[in-house]
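A.B. asks: Okay, so here is work31.txt, and as you'll see once you scroll down, it has compact mmCIF, C-alpha atoms and all ligand atoms.
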# COMPACT_ATOMS: atom_id res chain seq x y z
CA MET W 272 -50.77 -37.49 36.47
CA PRO W 273 -53.54 -35.19 37.78
CA LEU W 274 -52.51 -32.69 40.47
CA GLU W 275 -54.13 -32.96 43.86
CA ASP W 276 -56.74 -30.37 44.85
CA LEU W 277 -55.82 -28.35 47.97
CA ASP W 278 -59.50 -27.86 48.84
CA ILE W 279 -60.11 -29.97 51.96
CA HIS W 280 -63.86 -29.31 51.84
CA VAL W 281 -64.65 -31.17 48.61
CA THR W 282 -67.77 -33.26 49.31
CA GLY W 283 -68.43 -36.75 47.99
CA VAL W 284 -70.97 -35.39 45.50
CA GLU W 285 -68.54 -32.73 44.28
CA ALA W 286 -65.80 -35.31 43.81
CA THR W 287 -68.15 -37.52 41.81
CA VAL W 288 -69.24 -34.63 39.58
CA ARG W 289 -65.61 -33.53 39.14
CA ASP W 290 -64.55 -37.06 38.14
CA THR W 291 -67.43 -37.35 35.65
CA VAL W 292 -66.58 -34.02 34.04
CA HIS W 293 -62.89 -34.88 34.06
CA ARG W 294 -63.64 -38.08 32.13
CA PHE W 295 -65.67 -36.05 29.61
CA ALA W 296 -62.79 -33.56 29.33
CA ALA W 297 -60.15 -36.27 28.90
CA GLN W 298 -62.06 -38.67 26.65
CA VAL W 299 -64.19 -36.26 24.58
CA LEU W 300 -62.99 -32.64 24.76
CA ARG W 301 -59.21 -33.13 24.61
CA PRO W 302 -59.18 -35.45 21.55
CA ALA W 303 -61.94 -33.47 19.77
CA GLY W 304 -60.14 -30.17 20.42
CA GLU W 305 -56.87 -31.58 19.06
CA ALA W 306 -58.61 -32.91 15.93
CA LEU W 307 -60.54 -29.66 15.30
CA ASP W 308 -57.37 -27.60 15.82
CA LYS W 309 -55.88 -29.14 12.68
CA LEU W 310 -58.93 -28.39 10.47
CA SER W 311 -59.86 -25.33 8.45
CA PRO W 312 -62.43 -23.03 10.15
CA GLU W 313 -64.97 -24.18 7.55
CA ALA W 314 -64.34 -27.88 8.26
CA VAL W 315 -64.72 -27.26 12.02
CA ILE W 316 -68.41 -26.50 11.45
CA ASP W 317 -69.10 -29.01 8.64
CA ALA W 318 -72.21 -31.16 9.12
CA ASP W 319 -70.02 -34.21 9.88
CA SER W 320 -67.68 -32.38 12.30
CA VAL W 321 -67.14 -33.88 15.74
CA LEU W 322 -68.05 -30.42 17.11
CA TRP W 323 -71.77 -31.21 17.00
CA SER W 324 -71.51 -34.43 18.97
CA VAL W 325 -69.30 -32.69 21.57
CA LEU W 326 -71.91 -29.94 22.03
CA SER W 327 -74.75 -32.45 22.34
CA GLN W 328 -72.81 -34.61 24.85
CA TYR W 329 -72.15 -31.46 26.90
CA ARG W 330 -75.89 -30.70 26.95
CA GLU W 331 -76.65 -34.24 28.05
CA LEU W 332 -74.34 -33.72 31.05
CA GLY W 333 -76.65 -30.88 32.08
CA LEU W 334 -73.80 -28.70 33.34
CA GLY W 335 -75.14 -25.41 31.97
CA ARG W 336 -78.41 -25.75 33.93
CA PRO W 337 -78.52 -24.54 37.53
CA ASP W 338 -79.92 -27.08 40.01
CA GLY W 339 -82.66 -25.39 42.05
CA ASP W 340 -82.09 -27.75 45.01
CA LEU W 341 -78.57 -26.44 45.63
CA SER W 342 -77.66 -23.37 47.66
CA ALA W 343 -75.91 -20.47 45.91
CA GLU W 344 -72.62 -21.53 47.51
CA GLU W 345 -73.01 -25.15 46.42
CA GLN W 346 -73.78 -24.03 42.86
CA ALA W 347 -70.79 -21.70 42.82
CA ARG W 348 -68.45 -24.45 44.05
CA LEU W 349 -69.75 -26.87 41.41
CA SER W 350 -69.36 -24.22 38.74
CA TYR W 351 -65.64 -23.69 39.41
CA ILE W 352 -64.99 -27.40 39.87
CA THR W 353 -66.64 -28.33 36.55
CA SER W 354 -65.48 -25.31 34.49
CA GLU W 355 -61.86 -25.90 35.46
CA GLU W 356 -62.14 -29.42 34.09
CA LEU W 357 -63.66 -28.12 30.82
CA GLY W 358 -60.82 -25.58 30.44
CA TRP W 359 -58.35 -28.39 31.17
CA GLY W 360 -59.93 -30.43 28.34
CA ASP W 361 -60.07 -27.77 25.62
CA ALA W 362 -60.35 -24.01 26.12
CA GLY W 363 -61.97 -23.25 22.74
CA LEU W 364 -64.70 -25.86 23.15
CA ALA W 365 -65.25 -24.77 26.76
CA ILE W 366 -65.78 -21.18 25.56
CA ALA W 367 -68.27 -22.39 22.90
CA MET W 368 -70.25 -24.19 25.61
CA GLY W 369 -70.15 -21.23 28.00
CA VAL W 370 -71.08 -18.53 25.50
CA SER W 371 -74.01 -20.62 24.21
CA GLY W 372 -75.80 -19.83 27.47
CA PHE W 373 -75.58 -16.03 27.05
CA PRO W 374 -78.92 -15.41 25.27
CA ARG W 375 -80.74 -17.39 27.95
CA MET W 376 -78.82 -15.64 30.74
CA VAL W 377 -79.91 -12.26 29.34
CA ALA W 378 -83.50 -13.50 28.86
CA LEU W 379 -83.60 -14.56 32.52
CA GLN W 380 -82.14 -11.17 33.55
CA SER W 381 -85.01 -9.47 31.67
CA GLY W 382 -87.66 -11.30 33.69
CA ASN W 383 -89.75 -11.55 30.47
CA PRO W 384 -91.24 -15.11 30.29
CA GLU W 385 -91.75 -14.79 26.49
CA LEU W 386 -88.00 -14.35 26.02
CA VAL W 387 -87.12 -17.08 28.51
CA ASP W 388 -89.44 -19.44 26.66
CA MET W 389 -87.97 -18.45 23.29
CA VAL W 390 -84.35 -19.24 24.20
CA LYS W 391 -84.22 -22.85 25.31
CA ASP W 392 -81.20 -23.96 27.30
CA ASN W 393 -80.11 -26.42 24.61
CA LEU W 394 -79.39 -24.02 21.78
CA THR W 395 -76.10 -22.63 20.52
CA GLY W 396 -75.95 -18.98 21.48
CA CYS W 397 -73.51 -16.09 21.27
CA TRP W 398 -72.60 -12.79 22.92
CA ALA W 399 -72.56 -10.21 20.10
CA ILE W 400 -71.08 -7.09 21.64
CA THR W 401 -67.85 -6.07 19.87
CA GLU W 402 -67.96 -4.36 16.47
CA PRO W 403 -65.43 -3.86 13.68
CA ASP W 404 -64.80 -0.26 14.84
CA HIS W 405 -65.44 -0.87 18.55
CA GLY W 406 -63.56 -3.60 20.41
CA SER W 407 -62.23 -2.22 23.69
CA ASP W 408 -64.71 0.69 23.39
CA THR W 409 -67.67 -1.66 23.85
CA LEU W 410 -66.40 -2.90 27.22
CA ASP W 411 -65.86 0.65 28.49
CA PHE W 412 -69.50 1.16 29.50
CA HIS W 413 -68.99 4.35 31.47
CA GLY W 414 -66.37 5.88 29.14
CA GLU W 415 -63.79 5.47 31.93
CA VAL W 416 -60.83 4.90 29.63
CA ARG W 417 -61.94 7.35 26.96
CA HIS W 418 -59.88 10.49 26.40
CA GLU W 419 -61.56 13.67 27.49
CA GLY W 420 -63.35 15.55 24.73
CA THR W 421 -63.47 12.51 22.40
CA SER W 422 -66.31 10.18 21.51
CA HIS W 423 -66.47 6.53 20.50
CA GLY W 424 -67.80 7.59 17.11
CA ARG W 425 -70.46 5.95 15.02
CA PRO W 426 -71.58 2.48 16.16
CA ASN W 427 -71.64 -0.38 13.62
CA VAL W 428 -75.00 -1.80 14.76
CA ILE W 429 -78.03 0.36 15.51
CA ALA W 430 -81.52 -0.76 16.57
CA ARG W 431 -84.11 1.85 15.53
CA ALA W 432 -87.46 2.01 17.30
CA HIS W 433 -90.18 1.75 14.64
CA GLY W 434 -93.78 1.51 15.82
CA ASP W 435 -94.14 -1.75 17.75
CA ASP W 436 -90.83 -3.06 16.44
CA PHE W 437 -87.11 -2.43 16.36
CA VAL W 438 -85.23 -2.54 13.06
CA LEU W 439 -81.61 -3.71 13.32
CA SER W 440 -78.93 -2.74 10.83
CA GLY W 441 -75.15 -3.11 10.74
CA GLN W 442 -72.61 -5.76 11.67
CA LYS W 443 -70.87 -7.26 14.69
CA SER W 444 -67.15 -8.10 14.68
CA SER W 445 -65.54 -11.23 13.29
CA TRP W 446 -64.61 -12.14 16.88
CA VAL W 447 -68.09 -13.10 18.04
CA SER W 448 -67.66 -16.61 19.51
CA CYS W 449 -70.04 -19.07 17.79
CA GLY W 450 -70.93 -16.11 15.53
CA THR W 451 -71.49 -18.11 12.35
CA ILE W 452 -73.29 -21.06 13.99
CA ALA W 453 -75.34 -19.50 16.80
CA GLN W 454 -79.12 -19.89 16.74
CA ALA W 455 -79.69 -16.85 19.00
CA ALA W 456 -77.69 -13.82 20.05
CA ALA W 457 -77.46 -11.77 23.20
CA LEU W 458 -77.08 -8.57 21.17
CA PHE W 459 -75.54 -5.58 22.94
CA CYS W 460 -75.85 -2.56 20.65
CA SER W 461 -76.73 1.09 20.19
CA VAL W 462 -80.37 2.02 20.06
CA ASP W 463 -82.18 4.93 18.50
CA MET W 464 -85.28 5.55 20.61
CA GLY W 465 -86.10 8.74 18.73
CA VAL W 466 -84.51 10.94 21.40
CA SER W 467 -81.56 13.21 20.55
CA GLU W 468 -78.69 10.83 21.46
CA LEU W 469 -78.11 7.18 20.65
CA GLN W 470 -78.34 4.95 23.73
CA LYS W 471 -77.38 1.31 24.43
CA ALA W 472 -79.63 -1.69 25.04
CA VAL W 473 -79.57 -5.49 25.07
CA PHE W 474 -81.73 -7.64 22.79
CA VAL W 475 -82.35 -11.34 22.48
CA VAL W 476 -82.40 -12.06 18.74
CA PRO W 477 -83.23 -15.41 17.09
CA LEU W 478 -80.75 -15.64 14.23
CA ASP W 479 -82.99 -17.45 11.75
CA VAL W 480 -85.04 -14.32 11.01
CA ASP W 481 -85.09 -12.48 7.65
CA GLY W 482 -82.17 -10.13 7.08
CA VAL W 483 -79.58 -11.93 9.26
CA SER W 484 -76.50 -13.27 7.46
CA ARG W 485 -73.08 -14.47 8.61
CA GLY W 486 -69.46 -13.90 7.67
CA LYS W 487 -66.76 -16.45 6.88
CA PRO W 488 -65.62 -18.44 9.93
CA LEU W 489 -62.47 -16.77 11.28
CA ASP W 490 -59.05 -18.38 10.77
CA LYS W 491 -56.89 -17.71 13.81
CA ILE W 492 -53.89 -18.63 15.98
CA GLY W 493 -55.52 -20.56 18.82
CA GLN W 494 -58.80 -21.88 20.21
CA ARG W 495 -59.40 -23.07 16.66
CA ALA W 496 -62.19 -25.40 17.76
CA LEU W 497 -64.13 -22.27 18.73
CA ASN W 498 -66.11 -20.95 15.76
CA GLN W 499 -65.99 -17.14 15.43
CA GLY W 500 -67.38 -14.78 12.82
CA GLU W 501 -69.40 -11.73 11.87
CA ILE W 502 -73.17 -11.40 12.08
CA PHE W 503 -74.81 -8.96 9.64
CA PHE W 504 -78.20 -7.34 10.21
CA ASP W 505 -79.92 -5.98 7.11
CA GLU W 506 -83.07 -4.16 8.23
CA VAL W 507 -83.98 -6.99 10.61
CA ARG W 508 -87.38 -6.38 12.16
CA ILE W 509 -87.94 -7.72 15.69
CA PRO W 510 -90.77 -7.03 18.15
CA ARG W 511 -90.18 -4.52 20.95
CA SER W 512 -90.50 -7.33 23.46
CA PHE W 513 -87.12 -8.72 22.29
CA MET W 514 -85.45 -5.82 24.08
CA ALA W 515 -84.27 -7.66 27.19
CA ILE W 516 -82.56 -4.73 28.91
CA PRO W 517 -83.68 -1.15 28.14
CA PRO W 518 -81.22 1.77 28.00
CA GLU W 519 -81.66 2.69 31.67
CA GLY W 520 -80.53 -0.80 32.72
CA TYR W 521 -77.72 -1.15 30.17
CA ASP W 522 -74.64 -0.17 32.20
CA ALA W 523 -75.60 -2.38 35.13
CA ALA W 524 -76.49 -5.35 32.92
CA ALA W 525 -73.37 -5.03 30.76
CA GLY W 526 -71.23 -4.70 33.89
CA LEU W 527 -72.77 -7.84 35.36
CA VAL W 528 -72.32 -9.84 32.15
CA LEU W 529 -68.66 -8.75 31.89
CA THR W 530 -68.19 -9.65 35.57
CA ASN W 531 -69.59 -13.14 35.00
CA ALA W 532 -67.70 -13.59 31.73
CA ASN W 533 -64.35 -12.52 33.23
CA THR W 534 -64.88 -14.74 36.26
CA GLY W 535 -65.64 -17.68 33.98
CA MET W 536 -62.49 -16.94 31.95
CA GLY W 537 -60.58 -16.98 35.25
CA THR W 538 -61.78 -20.53 35.91
CA LEU W 539 -61.32 -21.90 32.38
CA PHE W 540 -57.79 -20.61 32.02
CA ALA W 541 -56.75 -21.83 35.47
CA GLY W 542 -57.83 -25.18 33.99
CA LEU W 543 -55.67 -24.63 30.90
CA ALA W 544 -52.67 -23.73 33.13
CA ARG W 545 -53.19 -26.98 35.04
CA ALA W 546 -53.26 -28.95 31.79
CA ALA W 547 -49.94 -27.42 30.68
CA LEU W 548 -48.35 -28.00 34.10
CA GLU W 549 -49.43 -31.65 34.27
CA LEU W 550 -48.13 -32.34 30.77
CA ALA W 551 -44.79 -30.70 31.63
CA ILE W 552 -44.40 -32.74 34.84
CA ASP W 553 -45.20 -36.00 33.02
CA TYR W 554 -42.78 -35.19 30.21
CA ALA W 555 -40.02 -34.19 32.63
CA LYS W 556 -40.32 -37.59 34.33
CA GLU W 557 -39.99 -39.45 31.01
CA ARG W 558 -37.45 -37.47 28.98
CA LYS W 559 -33.83 -38.35 29.77
CA GLN W 560 -30.90 -36.00 29.19
CA GLY W 561 -27.57 -35.84 31.03
CA GLY W 562 -28.13 -39.47 32.04
CA VAL W 563 -31.32 -38.90 34.08
CA PRO W 564 -34.97 -37.92 33.59
CA ILE W 565 -34.86 -34.14 33.16
CA ILE W 566 -36.98 -33.62 36.30
CA GLN W 567 -33.87 -34.57 38.25
CA HIS W 568 -32.08 -31.45 36.99
CA GLN W 569 -32.52 -28.70 39.56
CA SER W 570 -33.26 -26.03 36.98
CA VAL W 571 -36.15 -28.06 35.56
CA ARG W 572 -37.56 -28.70 39.04
CA SER W 573 -37.42 -25.05 39.98
CA ARG W 574 -39.14 -24.08 36.70
CA LEU W 575 -41.87 -26.63 37.39
CA PHE W 576 -42.25 -25.22 40.88
CA GLU W 577 -42.72 -21.68 39.50
CA MET W 578 -45.44 -22.98 37.15
CA PHE W 579 -47.12 -24.86 40.00
CA ARG W 580 -46.99 -21.80 42.29
CA LYS W 581 -48.51 -19.49 39.67
CA PHE W 582 -51.28 -21.99 38.83
CA GLU W 583 -52.27 -22.52 42.48
CA ALA W 584 -52.37 -18.73 43.05
CA ALA W 585 -54.57 -18.15 39.96
CA ARG W 586 -56.92 -20.98 40.91
CA SER W 587 -57.20 -19.80 44.47
CA LEU W 588 -58.02 -16.18 43.53
CA ASN W 589 -60.58 -17.40 41.01
CA ARG W 590 -62.35 -19.64 43.52
CA ASP W 591 -62.69 -16.74 45.96
CA VAL W 592 -64.08 -14.49 43.22
CA VAL W 593 -66.61 -17.12 42.06
CA LEU W 594 -67.83 -17.59 45.64
CA SER W 595 -67.91 -13.88 46.37
CA ASN W 596 -69.90 -13.15 43.17
CA ALA W 597 -72.45 -15.78 44.18
CA LEU W 598 -72.83 -14.71 47.81
CA ASN W 599 -72.12 -10.95 47.78
CA GLN W 600 -72.60 -8.08 45.37
CA PRO W 601 -70.59 -9.10 42.24
CA ARG W 602 -67.56 -6.81 41.79
CA LEU W 603 -66.07 -6.24 38.34
CA GLU W 604 -62.58 -5.36 39.63
CA TYR W 605 -62.23 -8.75 41.31
CA ALA W 606 -63.52 -10.57 38.23
CA ILE W 607 -60.99 -8.69 36.11
CA ALA W 608 -58.21 -9.49 38.61
CA SER W 609 -59.07 -13.17 38.23
CA LYS W 610 -59.34 -13.06 34.42
CA VAL W 611 -56.05 -11.22 34.01
CA THR W 612 -54.26 -13.43 36.55
CA SER W 613 -55.51 -16.72 35.09
CA THR W 614 -54.93 -15.82 31.44
CA GLN W 615 -51.47 -14.36 32.12
CA THR W 616 -50.67 -17.46 34.20
CA ALA W 617 -52.01 -19.77 31.50
CA PHE W 618 -49.78 -18.06 28.94
CA GLU W 619 -46.66 -18.13 31.14
CA VAL W 620 -47.19 -21.71 32.30
CA ALA W 621 -47.91 -22.95 28.77
CA SER W 622 -44.82 -21.12 27.47
CA GLU W 623 -42.58 -22.67 30.17
CA ALA W 624 -44.17 -26.08 29.55
CA LEU W 625 -43.31 -25.73 25.86
CA GLN W 626 -39.69 -24.94 26.88
CA ILE W 627 -39.57 -28.07 29.05
CA PHE W 628 -40.68 -30.14 26.05
CA GLY W 629 -37.63 -28.76 24.20
CA GLY W 630 -37.75 -29.16 20.41
CA ASN W 631 -40.70 -31.51 20.81
CA GLY W 632 -42.62 -28.59 22.29
CA THR W 633 -42.65 -26.88 18.92
CA SER W 634 -43.94 -29.96 17.08
CA ARG W 635 -47.58 -30.50 16.27
CA GLU W 636 -47.03 -34.16 17.24
CA TYR W 637 -47.12 -33.03 20.88
CA PRO W 638 -50.06 -31.31 22.59
CA ILE W 639 -48.28 -28.37 24.19
CA GLU W 640 -47.89 -25.98 21.23
CA LYS W 641 -51.69 -25.99 20.77
CA ILE W 642 -52.26 -25.23 24.44
CA PHE W 643 -49.74 -22.38 24.16
CA ARG W 644 -51.64 -20.93 21.16
CA ASP W 645 -54.98 -21.36 22.97
CA ALA W 646 -53.60 -19.46 25.98
CA ARG W 647 -52.30 -16.56 23.88
CA ALA W 648 -55.75 -15.69 22.55
CA SER W 649 -57.16 -15.52 26.08
CA MET W 650 -55.27 -12.32 26.92
CA ILE W 651 -57.39 -10.47 24.33
CA GLU W 652 -60.62 -12.48 24.61
CA ASP W 653 -63.38 -10.90 26.75
CA GLY W 654 -61.36 -7.70 26.77
CA CYS W 655 -57.66 -6.98 26.23
CA ASN W 656 -55.99 -7.48 29.62
CA TYR W 657 -54.48 -3.97 29.64
CA VAL W 658 -57.83 -2.30 28.99
CA LEU W 659 -59.53 -4.49 31.59
CA GLY W 660 -56.79 -3.49 34.03
CA MET W 661 -57.54 0.20 33.43
CA LEU W 662 -61.26 -0.42 33.99
CA ALA W 663 -60.55 -2.26 37.24
CA GLY W 664 -58.06 0.39 38.33
CA THR W 665 -60.72 3.11 38.17
CA ARG W 666 -62.70 1.12 40.78
CA LEU W 667 -59.93 0.90 43.38
C1 LIG F 701 -60.68 -15.69 21.30
C2 LIG F 701 -61.55 -14.46 21.30
C3 LIG F 701 -62.92 -14.60 21.58
C4 LIG F 701 -63.76 -13.48 21.54
N1 LIG F 701 -65.10 -13.64 21.76
C5 LIG F 701 -65.93 -12.59 21.58
C6 LIG F 701 -67.36 -12.75 21.71
O1 LIG F 701 -67.86 -13.83 22.03
N2 LIG F 701 -68.16 -11.68 21.45
C7 LIG F 701 -67.66 -10.48 21.09
O2 LIG F 701 -68.44 -9.57 20.84
N3 LIG F 701 -66.30 -10.27 21.00
C8 LIG F 701 -65.44 -11.30 21.24
N4 LIG F 701 -64.07 -11.10 21.15
C9 LIG F 701 -63.57 -9.77 20.87
C10 LIG F 701 -62.78 -9.18 22.05
O3 LIG F 701 -63.63 -8.82 23.09
C11 LIG F 701 -61.96 -8.01 21.49
O4 LIG F 701 -60.99 -8.55 20.61
C12 LIG F 701 -61.29 -7.22 22.57
O5 LIG F 701 -62.25 -6.55 23.35
C13 LIG F 701 -60.30 -6.19 22.00
O6 LIG F 701 -60.92 -5.45 20.98
P1 LIG F 701 -60.16 -5.27 19.57
O7 LIG F 701 -59.77 -6.64 19.11
O8 LIG F 701 -61.04 -4.48 18.68
O9 LIG F 701 -58.83 -4.51 19.91
P2 LIG F 701 -58.70 -2.88 20.11
O10 LIG F 701 -59.79 -2.44 20.99
O11 LIG F 701 -58.58 -2.25 18.77
O12 LIG F 701 -57.33 -2.80 20.86
C14 LIG F 701 -56.08 -2.87 20.16
C15 LIG F 701 -54.98 -2.48 21.15
O13 LIG F 701 -55.18 -1.13 21.58
C16 LIG F 701 -55.24 -1.06 23.00
N5 LIG F 701 -56.30 -0.12 23.41
C17 LIG F 701 -57.56 -0.05 22.91
N6 LIG F 701 -58.27 0.91 23.54
C18 LIG F 701 -57.44 1.46 24.45
C19 LIG F 701 -57.59 2.48 25.43
N7 LIG F 701 -58.74 3.15 25.58
N8 LIG F 701 -56.52 2.77 26.21
C20 LIG F 701 -55.36 2.09 26.06
N9 LIG F 701 -55.15 1.11 25.16
C21 LIG F 701 -56.19 0.79 24.37
C22 LIG F 701 -55.57 -2.46 23.47
O14 LIG F 701 -55.03 -2.69 24.75
C23 LIG F 701 -54.95 -3.35 22.40
O15 LIG F 701 -53.61 -3.66 22.75
C24 LIG F 701 -63.22 -12.21 21.24
C25 LIG F 701 -61.84 -12.08 20.99
C26 LIG F 701 -61.03 -13.18 21.01
C27 LIG F 701 -59.55 -12.99 20.72
Would you put the structure from the file into structure tokens?
Ligand SMILES: Cc1cc2nc3c(=O)[nH]c(=O)nc-3n(C[C@H](O)[C@H](O)[C@H](O)COP(=O)(O)OP(=O)(O)OC[C@H]3O[C@@H](n4cnc5c(N)ncnc54)[C@H](O)[C@@H]3O)c2cc1C

C.D. replies:
Amino acid sequence: MPLEDLDIHVTGVEATVRDTVHRFAAQVLRPAGEALDKLSPEAVIDADSVLWSVLSQYRELGLGRPDGDLSAEEQARLSYITSEELGWGDAGLAIAMGVSGFPRMVALQSGNPELVDMVKDNLTGCWAITEPDHGSDTLDFHGEVRHEGTSHGRPNVIARAHGDDFVLSGQKSSWVSCGTIAQAAALFCSVDMGVSELQKAVFVVPLDVDGVSRGKPLDKIGQRALNQGEIFFDEVRIPRSFMAIPPEGYDAAAGLVLTNANTGMGTLFAGLARAALELAIDYAKERKQGGVPIIQHQSVRSRLFEMFRKFEAARSLNRDVVLSNALNQPRLEYAIASKVTSTQTAFEVASEALQIFGGNGTSREYPIEKIFRDARASMIEDGCNYVLGMLAGTRL
């Protein structure tokens, strides 16, 4: 049974959109996510995988495209309403859909029409920022959590200015979402502009150019429907115009992208927490022990209440942050508060839901163990929660 939404301001249009996306999540995402979860990482991206039809059905829904007729507030409300449903359906697939828009988002940020034209809104994209030797380091734009007197050391990817071009060499980490299938990357990397120190910049890179190769799709605990893997750059030559954000704009752009990404994670994983809670309530009404459905045992009811309370709190914080980002100056510390709250809540609620399913909770015949595994990955995804907390703490 779906939970009611506390929001008393939901308009007729919003309710219709929510119901449409919920149907997509229930009828397409949930079953596809469960099927993909059981496959090898290679089979997930096979030509006959259901993944491709899911991605094309998502594009047909037109959710990733902003509607110019709506106000910023209306767009923000629709974004949290629809993203929560996607996270409810399948977190890994929802991430694949969200991250696909990153190259276009960066192209739009650049204001360069050539780049905007190059990255259509229907391609599979990725956010290539972390590196084998630089995970948390890459999200610490201002060196706020770096120990005094130390440096982050040598980057794994460097773009060297060379006449009218840049030449890219090195590799991004095996964690890049959609890394082995993306057609374009929002590439955040070090840049050698011929001045004494390396700097940072953002590029939009089509991934079908000479010198780009991919790693093996990553085999991992959860969000298995989400393809991840390395991208290698072997002397890849791109025109200067592919630099979307130059070094002087890097910190601001990277901060804004992390703010948006963490806010989006806050919505998706509130959706996952809701999925786990709803499954636990349904199961508790069906499963009989001690002569009655287990929901009639006080301990089970109070555990369900704790899950419900945590979910509503995470959802509520996230909705405020989404609205505030859209209407005020976006603030990273609030986005991080939402990401950490939602992912921690998703993990705790999914873990308690698994407990309520008893032995069945551990079986792959039931949906909850997958949701639990999907939630676990989220506390590291888009930044380890502890490191994000330190970054946010420096802003208080
Ligand atoms: C599901 C998933 C999806 C992802 N998607 C993408 C993506 O699309 N693109 C991309 O580029 N990357 C992606 N990542 C990578 C992700 O951003 C990194 O895994 C994350 O930033 C942590 O980096 P790391 O794995 O290298 O861990 P490390 O940085 O090595 O951290 C290991 C441990 O050390 C701790 N630690 C590290 N630095 C500090 C510090 N300064 N102070 C205190 N403690 C510290 C951390 O808290 C952590 O517990 C994804 C990861 C996952 C799990």

A.B. asks: Can you tell me which residues come within 6 Å of ligand LIG 701 (chain F) when counting only C-alpha atoms and all ligand atoms, ideally as a tab-separated table (two decimals) with C-alpha atoms, in the frame of the given file?

C.D. replies:
chain	number	residue	atom	x	y	z
W	398	TRP	CA	-72.60	-12.79	22.92
W	399	ALA	CA	-72.56	-10.21	20.10
W	400	ILE	CA	-71.08	-7.09	21.64
W	401	THR	CA	-67.85	-6.07	19.87
W	405	HIS	CA	-65.44	-0.87	18.55
W	406	GLY	CA	-63.56	-3.60	20.41
W	407	SER	CA	-62.23	-2.22	23.69
W	416	VAL	CA	-60.83	4.90	29.63
W	417	ARG	CA	-61.94	7.35	26.96
W	446	TRP	CA	-64.61	-12.14	16.88
W	447	VAL	CA	-68.09	-13.10	18.04
W	448	SER	CA	-67.66	-16.61	19.51
W	648	ALA	CA	-55.75	-15.69	22.55
W	649	SER	CA	-57.16	-15.52	26.08
W	651	ILE	CA	-57.39	-10.47	24.33
W	652	GLU	CA	-60.62	-12.48	24.61
W	653	ASP	CA	-63.38	-10.90	26.75
W	654	GLY	CA	-61.36	-7.70	26.77
W	655	CYS	CA	-57.66	-6.98	26.23
W	657	TYR	CA	-54.48	-3.97	29.64
W	658	VAL	CA	-57.83	-2.30	28.99

A.B. asks: Tell me which protein, DNA and RNA residues are within 12 Å of Pro273 (chain W), counting all atoms listed in the file, leaving out same-chain ones fewer than 6 positions away, and put them as a list in words.

C.D. replies: Asp290, His293, Arg294, Ala297, Glu356, Trp359, Gly542, Arg545, Ala546, Ala547, Leu548, Glu549, Leu550, Ala551, Ile552 and Asp553 of chain W

A.B. asks: Report, in Å with one decimal, the straight-line distance from CA of Val483 (chain W) to CA of Ala367 (chain W).

C.D. replies: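 Distance reported for this atom pair: 20.6 Å.
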
A.B. asks: Could you give me, as a Markdown table, a per-residue list for region 451-566 of chain W showing, wherever an atom lies at most 7 Å from an atom of region 301-323 of chain W, the closest pair of atoms and their distance in Å to one decimal, using only C-alpha atoms and sorting by chain then residue number from low to high?

C.D. replies:
| residue | atom | partner | partner_atom | distance |
| --- | --- | --- | --- | --- |
| W:Pro488 | CA | W:Pro312 | CA | 5.6 |
| W:Leu489 | CA | W:Pro312 | CA | 6.4 |
| W:Asp490 | CA | W:Pro312 | CA | 5.8 |
| W:Arg495 | CA | W:Asp308 | CA | 5.0 |
| W:Ala496 | CA | W:Leu307 | CA | 5.2 |

A.B. asks: Using all atoms listed in the file for the distances, tell me which of W:Gly360, W:Ala525, W:Thr282, W:Asp392 is nearest to His413 (chain W).

C.D. replies: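 Checking each candidate against His413 (chain W), we get W:Ala525 as the closest.
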
A.B. asks: Which polymer residues have any atom within 12 Å of an atom of region 462-465 of chain W, counting all atoms listed in the file, with same-chain residues fewer than 6 positions away left out, as a list in words?

C.D. replies: Arg425, Pro426, Asn427, Val428, Ile429, Ala430, Arg431, Ala432, His433, Gly434, Asp435, Asp436, Phe437, Val438, Leu439, Ser440, Gly441, Lys471, Ala472, Val473, Phe474, Arg511, Met514, Ile516, Pro517, Pro518, Glu519 and Tyr521 of chain W

A.B. asks: Determine the axis-aligned bounding box of all atoms of region 477-490 of chain W present in the file, pad each side by 4 Å, and express its centre and edge lengths in Å to one decimal place as JSON.

C.D. replies:
{"center_x": -72.1, "center_y": -14.3, "center_z": 12.0, "size_x": 34.0, "size_y": 16.3, "size_z": 18.2}

A.B. asks: Figure out the distance between CA of Ala541 (chain W) and CA of Ala617 (chain W), please, to one decimal in Å.

C.D. replies: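 A separation of 6.5 Å between them.
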
A.B. asks: CA of Lys610 (chain W) and CA of His418 (chain W), how far apart in Å?

C.D. replies: 24.9 Å

A.B. asks: With a distance cut-off of 10 Å and all atoms listed in the file, select the neighbouring residues of region 345-354 of chain W, excluding the residue or stretch itself and same-chain residues fewer than 6 positions from it, and output the selection as a PyMOL selection string.

C.D. replies: chain W and resi 281+284-286+288-293+296+334-335+337-339+360+362+365-366+369+534-542+586+589-598

A.B. asks: With a distance cut-off of 9 Å and only C-alpha atoms, select the neighbouring residues of Val528 (chain W), excluding the residue or stretch itself and same-chain residues fewer than 3 positions from it, and output the selection as a PyMOL selection string.

C.D. replies: chain W and resi 373+376-377+523-525+531-533

A.B. asks: Could you list, as a list in words, every residue within 7 Å of region 632-646 of chain W, counting only C-alpha atoms and ignoring same-chain residues fewer than 5 positions away?

C.D. replies: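 After dropping sequence-adjacent residues, the list is Ala362, Ile492, Gly493, Gln494, Ala547, Thr614, Ala617, Phe618, Ala621, Ser622, Leu625 and Gln626 of chain W.
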